[in-house]
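Just below is one structure, and these are the notes that go with it.
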Amino acid sequence: HNNVRAARRAMARRHSRTAQCLAALSLAQGCATLTHLPLPSILSSVADIAADYDAILLDQFGVLHDGKNALPGAVDCYNRLSALGKKLVVLSNTSRRRAFALSRLPRLGFDPDALAAFVCSGEQAWAHMATEHRGQSALWISWSDDFQAWDPAYMDGTGVRLAPASEACFLLCHGSMAIRDGRSVLPTAMLLTGVIPPVLEEQLRIGVARGLPMICANPDLHVVLPNGMRGHMPGLIAQRYAALGGRLIQFGKRRGDPSAFDAALVELGGGLCRSRVLHVGDSLEHDVAGAQAAGVDSLFVCGGVHAQEIQEIHDARGVGGHETGPDGGAAAGPHRPAGGGGP
């Protein structure tokens, strides 16, 4: 609820012609809800606002897919935007490298050739390691071997070797499921519990005491997993490290930092006015607030990572979560497709 209120206050300060506060895009229902404080209005389709933009930046998880399957209606929407000649860019907080993430899109039904670019925090973190920490040692906080985001080749090309925090030169916060120090792989169970276990807390404290920087390849805090459960992400570990006094080097979309959006706009080339760029995402903290910092309009997917919070607000106010729009089927309230955030 605090995130919702903070985002509304922040967006209210922005004077954009299309999205001054929150906008909600329901790809799962093939419709969009554009929210101008204080009351929302209903759009019959994304086509109603597509003419206002030349480029559309798309978050992945909770917008296009849930990590395993395309969200209902998302492929059709993606293809229609491409057919309209829109420049499509995936802008994601995934900790994967670009090529690894791109390789999964066809399996989900999305044509990667329709994209003008694919920008992700995992690639940016890898590039930073390859230039600033080449040949050094790192404690790697990552995904488990059987998790769909795990890429054993992620470190290839950096020359980075693994070591415990007591010997490492830096910490890499890349996932939330396992600690890899070159000697063992220790599970954390944090993806499902949200609790930093003692073995990880100890490594974080050692890193802080030694003055080691932490590179965070995914600043997301939470995700809705394909099975509908809430997952807890690397951003929570990074927050803990900062709270202990550690130094963070973060990549990706987040409040107050336009760098991820700037990188996407560079990929689109010069001459594109920011008022003609739209970002679609499901996180108030990362997508909406990040887009505001970059001077870019945003469409907020209310059925993603904040679906439960939004439903609770609606329930508290006695508002139904699935109201029918004037042309028959558009939903004013939040819906609940699996997704949000993303590893």
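For the structure tokens, the naming scheme is as follows: chains receive sequential letters (A, B, ...) according to their order of presentation, residues are indexed from 1 within each chain, and ligands are indexed from 1 in presentation order.
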Identify, on the basis of only C-alpha atoms, every residue whose closest approach to Gly194 in chain A does not exceed 10 Å; exclude the query and any residue fewer than 4 positions from it along the same chain; express the result as a short mmCIF file (atom, residue, chain, number, x, y, z; two decimals) with all heavy atoms, in the first residue's frame.
```
data_model
loop_
_atom_site.label_atom_id
_atom_site.label_comp_id
_atom_site.auth_asym_id
_atom_site.auth_seq_id
_atom_site.Cartn_x
_atom_site.Cartn_y
_atom_site.Cartn_z
N SER A 176 18.62 -15.76 -5.85
CA SER A 176 18.29 -15.79 -4.42
C SER A 176 18.17 -17.22 -3.88
O SER A 176 17.63 -17.42 -2.80
CB SER A 176 16.99 -15.03 -4.16
OG SER A 176 15.91 -15.63 -4.87
N THR A 188 19.62 -21.66 -0.22
CA THR A 188 19.17 -20.64 0.73
C THR A 188 17.69 -20.77 1.07
O THR A 188 17.26 -20.27 2.11
CB THR A 188 19.39 -19.23 0.16
OG1 THR A 188 18.50 -19.02 -0.95
CG2 THR A 188 20.83 -19.04 -0.30
N ALA A 189 16.90 -21.39 0.18
CA ALA A 189 15.44 -21.50 0.33
C ALA A 189 14.76 -20.14 0.32
O ALA A 189 13.56 -20.03 0.58
CB ALA A 189 15.07 -22.26 1.60
N MET A 190 15.50 -19.08 0.00
CA MET A 190 14.96 -17.73 0.14
C MET A 190 13.92 -17.38 -0.91
O MET A 190 13.05 -16.55 -0.65
CB MET A 190 16.11 -16.72 0.10
CG MET A 190 15.66 -15.32 0.39
SD MET A 190 17.01 -14.13 0.35
CE MET A 190 16.05 -12.63 0.19
N LEU A 221 12.37 -7.02 -6.15
CA LEU A 221 12.16 -7.47 -4.77
C LEU A 221 11.30 -8.74 -4.71
O LEU A 221 11.57 -9.63 -3.90
CB LEU A 221 11.50 -6.36 -3.96
CG LEU A 221 12.24 -5.01 -3.94
CD1 LEU A 221 11.44 -3.98 -3.17
CD2 LEU A 221 13.63 -5.17 -3.36
N HIS A 222 10.27 -8.79 -5.54
CA HIS A 222 9.34 -9.92 -5.50
C HIS A 222 8.92 -10.29 -6.92
O HIS A 222 9.07 -9.51 -7.86
CB HIS A 222 8.10 -9.57 -4.67
CG HIS A 222 8.41 -9.14 -3.28
ND1 HIS A 222 8.80 -10.02 -2.29
CD2 HIS A 222 8.39 -7.91 -2.70
CE1 HIS A 222 9.01 -9.36 -1.17
NE2 HIS A 222 8.77 -8.08 -1.39
N ARG A 230 4.33 -16.42 -4.43
CA ARG A 230 5.15 -15.23 -4.38
C ARG A 230 6.61 -15.64 -4.20
O ARG A 230 6.95 -16.40 -3.30
CB ARG A 230 4.72 -14.33 -3.23
CG ARG A 230 5.36 -12.94 -3.21
CD ARG A 230 4.71 -12.12 -2.10
NE ARG A 230 5.22 -10.77 -1.99
CZ ARG A 230 4.79 -9.74 -2.70
NH1 ARG A 230 3.84 -9.93 -3.60
NH2 ARG A 230 5.28 -8.53 -2.53
N GLY A 231 7.46 -15.14 -5.08
CA GLY A 231 8.89 -15.41 -4.97
C GLY A 231 9.64 -14.19 -4.50
O GLY A 231 9.21 -13.06 -4.70
N HIS A 232 10.77 -14.40 -3.87
CA HIS A 232 11.56 -13.32 -3.28
C HIS A 232 12.89 -13.22 -4.01
O HIS A 232 13.61 -14.22 -4.17
CB HIS A 232 11.74 -13.56 -1.79
CG HIS A 232 10.43 -13.76 -1.08
ND1 HIS A 232 9.62 -12.72 -0.70
CD2 HIS A 232 9.77 -14.90 -0.74
CE1 HIS A 232 8.53 -13.19 -0.12
NE2 HIS A 232 8.60 -14.51 -0.14
N MET A 233 13.25 -12.02 -4.42
CA MET A 233 14.25 -11.82 -5.45
C MET A 233 15.56 -11.24 -4.93
O MET A 233 15.66 -10.83 -3.77
CB MET A 233 13.65 -10.92 -6.53
CG MET A 233 12.41 -11.52 -7.20
SD MET A 233 12.78 -13.03 -8.10
CE MET A 233 13.57 -12.32 -9.54
N LEU A 236 16.10 -8.04 -2.59
CA LEU A 236 15.96 -8.09 -1.13
C LEU A 236 17.32 -8.34 -0.47
O LEU A 236 17.62 -7.78 0.60
CB LEU A 236 14.98 -9.19 -0.73
CG LEU A 236 13.51 -8.96 -1.09
CD1 LEU A 236 12.69 -10.20 -0.76
CD2 LEU A 236 12.97 -7.74 -0.36
N ILE A 237 18.14 -9.16 -1.10
CA ILE A 237 19.48 -9.42 -0.56
C ILE A 237 20.33 -8.16 -0.67
O ILE A 237 21.07 -7.80 0.26
CB ILE A 237 20.15 -10.59 -1.31
CG1 ILE A 237 19.30 -11.85 -1.16
CG2 ILE A 237 21.57 -10.82 -0.80
CD1 ILE A 237 19.77 -13.02 -2.00
#
```
For Val90 in chain A, work out the shell of residues within 10 Å, counting only C-alpha atoms and skipping chain neighbours fewer than 6 positions away, then give it as a PyMOL selection string.
chain A and resi 56-60+64+102+112+115-120+264+279-280
Generate the output file for the selected residues, N, CA and C atoms, as a PDB file, in the first residue's frame.
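Heads up, here's the output in result.pdb:
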```pdb
ATOM      1  N   ILE A  56       7.831   1.328 -27.904  1.00  0.00           N
ATOM      2  CA  ILE A  56       7.233   0.763 -26.700  1.00  0.00           C
ATOM      3  C   ILE A  56       8.248  -0.151 -26.034  1.00  0.00           C
ATOM      4  N   LEU A  57       8.561   0.161 -24.778  1.00  0.00           N
ATOM      5  CA  LEU A  57       9.485  -0.636 -23.986  1.00  0.00           C
ATOM      6  C   LEU A  57       8.671  -1.637 -23.170  1.00  0.00           C
ATOM      7  N   LEU A  58       8.999  -2.906 -23.301  1.00  0.00           N
ATOM      8  CA  LEU A  58       8.200  -3.964 -22.690  1.00  0.00           C
ATOM      9  C   LEU A  58       8.974  -4.684 -21.599  1.00  0.00           C
ATOM     10  N   ASP A  59       8.407  -4.706 -20.420  1.00  0.00           N
ATOM     11  CA  ASP A  59       8.922  -5.592 -19.392  1.00  0.00           C
ATOM     12  C   ASP A  59       8.590  -7.023 -19.824  1.00  0.00           C
ATOM     13  N   GLN A  60       9.292  -8.007 -19.280  1.00  0.00           N
ATOM     14  CA  GLN A  60       9.029  -9.395 -19.662  1.00  0.00           C
ATOM     15  C   GLN A  60       8.016 -10.077 -18.748  1.00  0.00           C
ATOM     16  N   LEU A  64       4.735  -9.961 -20.791  1.00  0.00           N
ATOM     17  CA  LEU A  64       4.747 -10.877 -21.929  1.00  0.00           C
ATOM     18  C   LEU A  64       4.496 -12.321 -21.503  1.00  0.00           C
ATOM     19  N   LEU A 102      17.007 -13.990 -24.870  1.00  0.00           N
ATOM     20  CA  LEU A 102      16.410 -13.928 -26.207  1.00  0.00           C
ATOM     21  C   LEU A 102      16.093 -15.314 -26.751  1.00  0.00           C
ATOM     22  N   PRO A 112      11.627 -12.861 -31.857  1.00  0.00           N
ATOM     23  CA  PRO A 112      12.663 -11.900 -31.453  1.00  0.00           C
ATOM     24  C   PRO A 112      13.047 -10.946 -32.568  1.00  0.00           C
ATOM     25  N   LEU A 115      11.826  -7.307 -32.462  1.00  0.00           N
ATOM     26  CA  LEU A 115      12.400  -6.373 -31.495  1.00  0.00           C
ATOM     27  C   LEU A 115      13.470  -5.484 -32.123  1.00  0.00           C
ATOM     28  N   ALA A 116      13.432  -4.215 -31.742  1.00  0.00           N
ATOM     29  CA  ALA A 116      14.512  -3.316 -32.128  1.00  0.00           C
ATOM     30  C   ALA A 116      15.720  -3.506 -31.230  1.00  0.00           C
ATOM     31  N   ALA A 117      15.485  -3.957 -30.001  1.00  0.00           N
ATOM     32  CA  ALA A 117      16.590  -4.177 -29.053  1.00  0.00           C
ATOM     33  C   ALA A 117      16.083  -4.984 -27.871  1.00  0.00           C
ATOM     34  N   PHE A 118      17.026  -5.536 -27.126  1.00  0.00           N
ATOM     35  CA  PHE A 118      16.734  -6.275 -25.897  1.00  0.00           C
ATOM     36  C   PHE A 118      17.751  -5.813 -24.861  1.00  0.00           C
ATOM     37  N   VAL A 119      17.284  -5.108 -23.845  1.00  0.00           N
ATOM     38  CA  VAL A 119      18.164  -4.531 -22.824  1.00  0.00           C
ATOM     39  C   VAL A 119      17.812  -5.167 -21.487  1.00  0.00           C
ATOM     40  N   CYS A 120      18.814  -5.737 -20.814  1.00  0.00           N
ATOM     41  CA  CYS A 120      18.532  -6.381 -19.531  1.00  0.00           C
ATOM     42  C   CYS A 120      19.667  -6.151 -18.539  1.00  0.00           C
ATOM     43  N   ALA A 264      18.144   1.799 -23.098  1.00  0.00           N
ATOM     44  CA  ALA A 264      17.176   1.353 -24.098  1.00  0.00           C
ATOM     45  C   ALA A 264      16.996   2.402 -25.185  1.00  0.00           C
ATOM     46  N   HIS A 279       6.532   2.903 -21.692  1.00  0.00           N
ATOM     47  CA  HIS A 279       7.020   1.688 -21.038  1.00  0.00           C
ATOM     48  C   HIS A 279       5.854   0.944 -20.421  1.00  0.00           C
ATOM     49  N   VAL A 280       5.848  -0.391 -20.570  1.00  0.00           N
ATOM     50  CA  VAL A 280       4.797  -1.240 -20.012  1.00  0.00           C
ATOM     51  C   VAL A 280       5.425  -2.161 -18.972  1.00  0.00           C
TER      52      VAL A 280
END
```
Filtered DSSP result for range 85-168 of chain A, state strand (DSSP E), as a list in words
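Filtering range 85-168 of chain A down to strand (DSSP E) leaves Lys87, Leu88, Val89, Val90, Leu91, Ser92, Leu115, Ala116, Ala117, Phe118, Val119, Cys120, Ser137, Ala138, Leu139, Trp140, Ile141, Ser142, Arg161 and Leu162 of chain A.
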Go ahead and compute the interatomic distance for CA of Val277 in chain A and CA of Gly235 in chain A, in Å to one decimal.
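Value for the CA of Val277 in chain A-CA of Gly235 in chain A distance: 26.6 Å.
Between Ala55 in chain A and the residues A:Leu81, A:Leu284, A:Ile179, A:Ala291, the shortest atom-to-atom distance, using only C-alpha atoms, involves A:Leu81.
Comparing A:Val195, A:Leu108, A:Arg97, A:Val89 by their smallest distance to Pro152 in chain A, the closest is A:Arg97 (using only C-alpha atoms).
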Top pick for closest residue to Gly304 in chain A, considering A:Arg255, A:Arg240, A:His65, A:His128 and counting only C-alpha atoms:
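Looking at the shortest contact to Gly304 in chain A, the residue is A:His65.
The shortest atom-to-atom distance to Ala51 in chain A, with only C-alpha atoms taken into account, belongs to A:Gly85 out of A:Gly252, A:Pro72, A:Gly85, A:Pro234.
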Using DSSP on the backbone coordinates, identify all residues within range 159-302 of chain A classified as helix (DSSP H, G or I); present the result as JSON, numbers by chain.
{"A": [190, 191, 192, 193, 198, 199, 200, 201, 202, 203, 204, 205, 206, 207, 208, 209, 234, 235, 236, 237, 238, 239, 240, 241, 242, 243, 259, 260, 261, 262, 263, 264, 265, 266, 267, 268, 274, 275, 276, 284, 285, 286, 287, 288, 289, 290, 291, 292, 293, 294]}
Find the residues around Leu172 in chain A up to 9 Å (only C-alpha atoms counted), leave out those fewer than 3 positions away in its own chain, and share them as an MDAnalysis selection string.
chainID A and resid 125 138:142 175 213:217
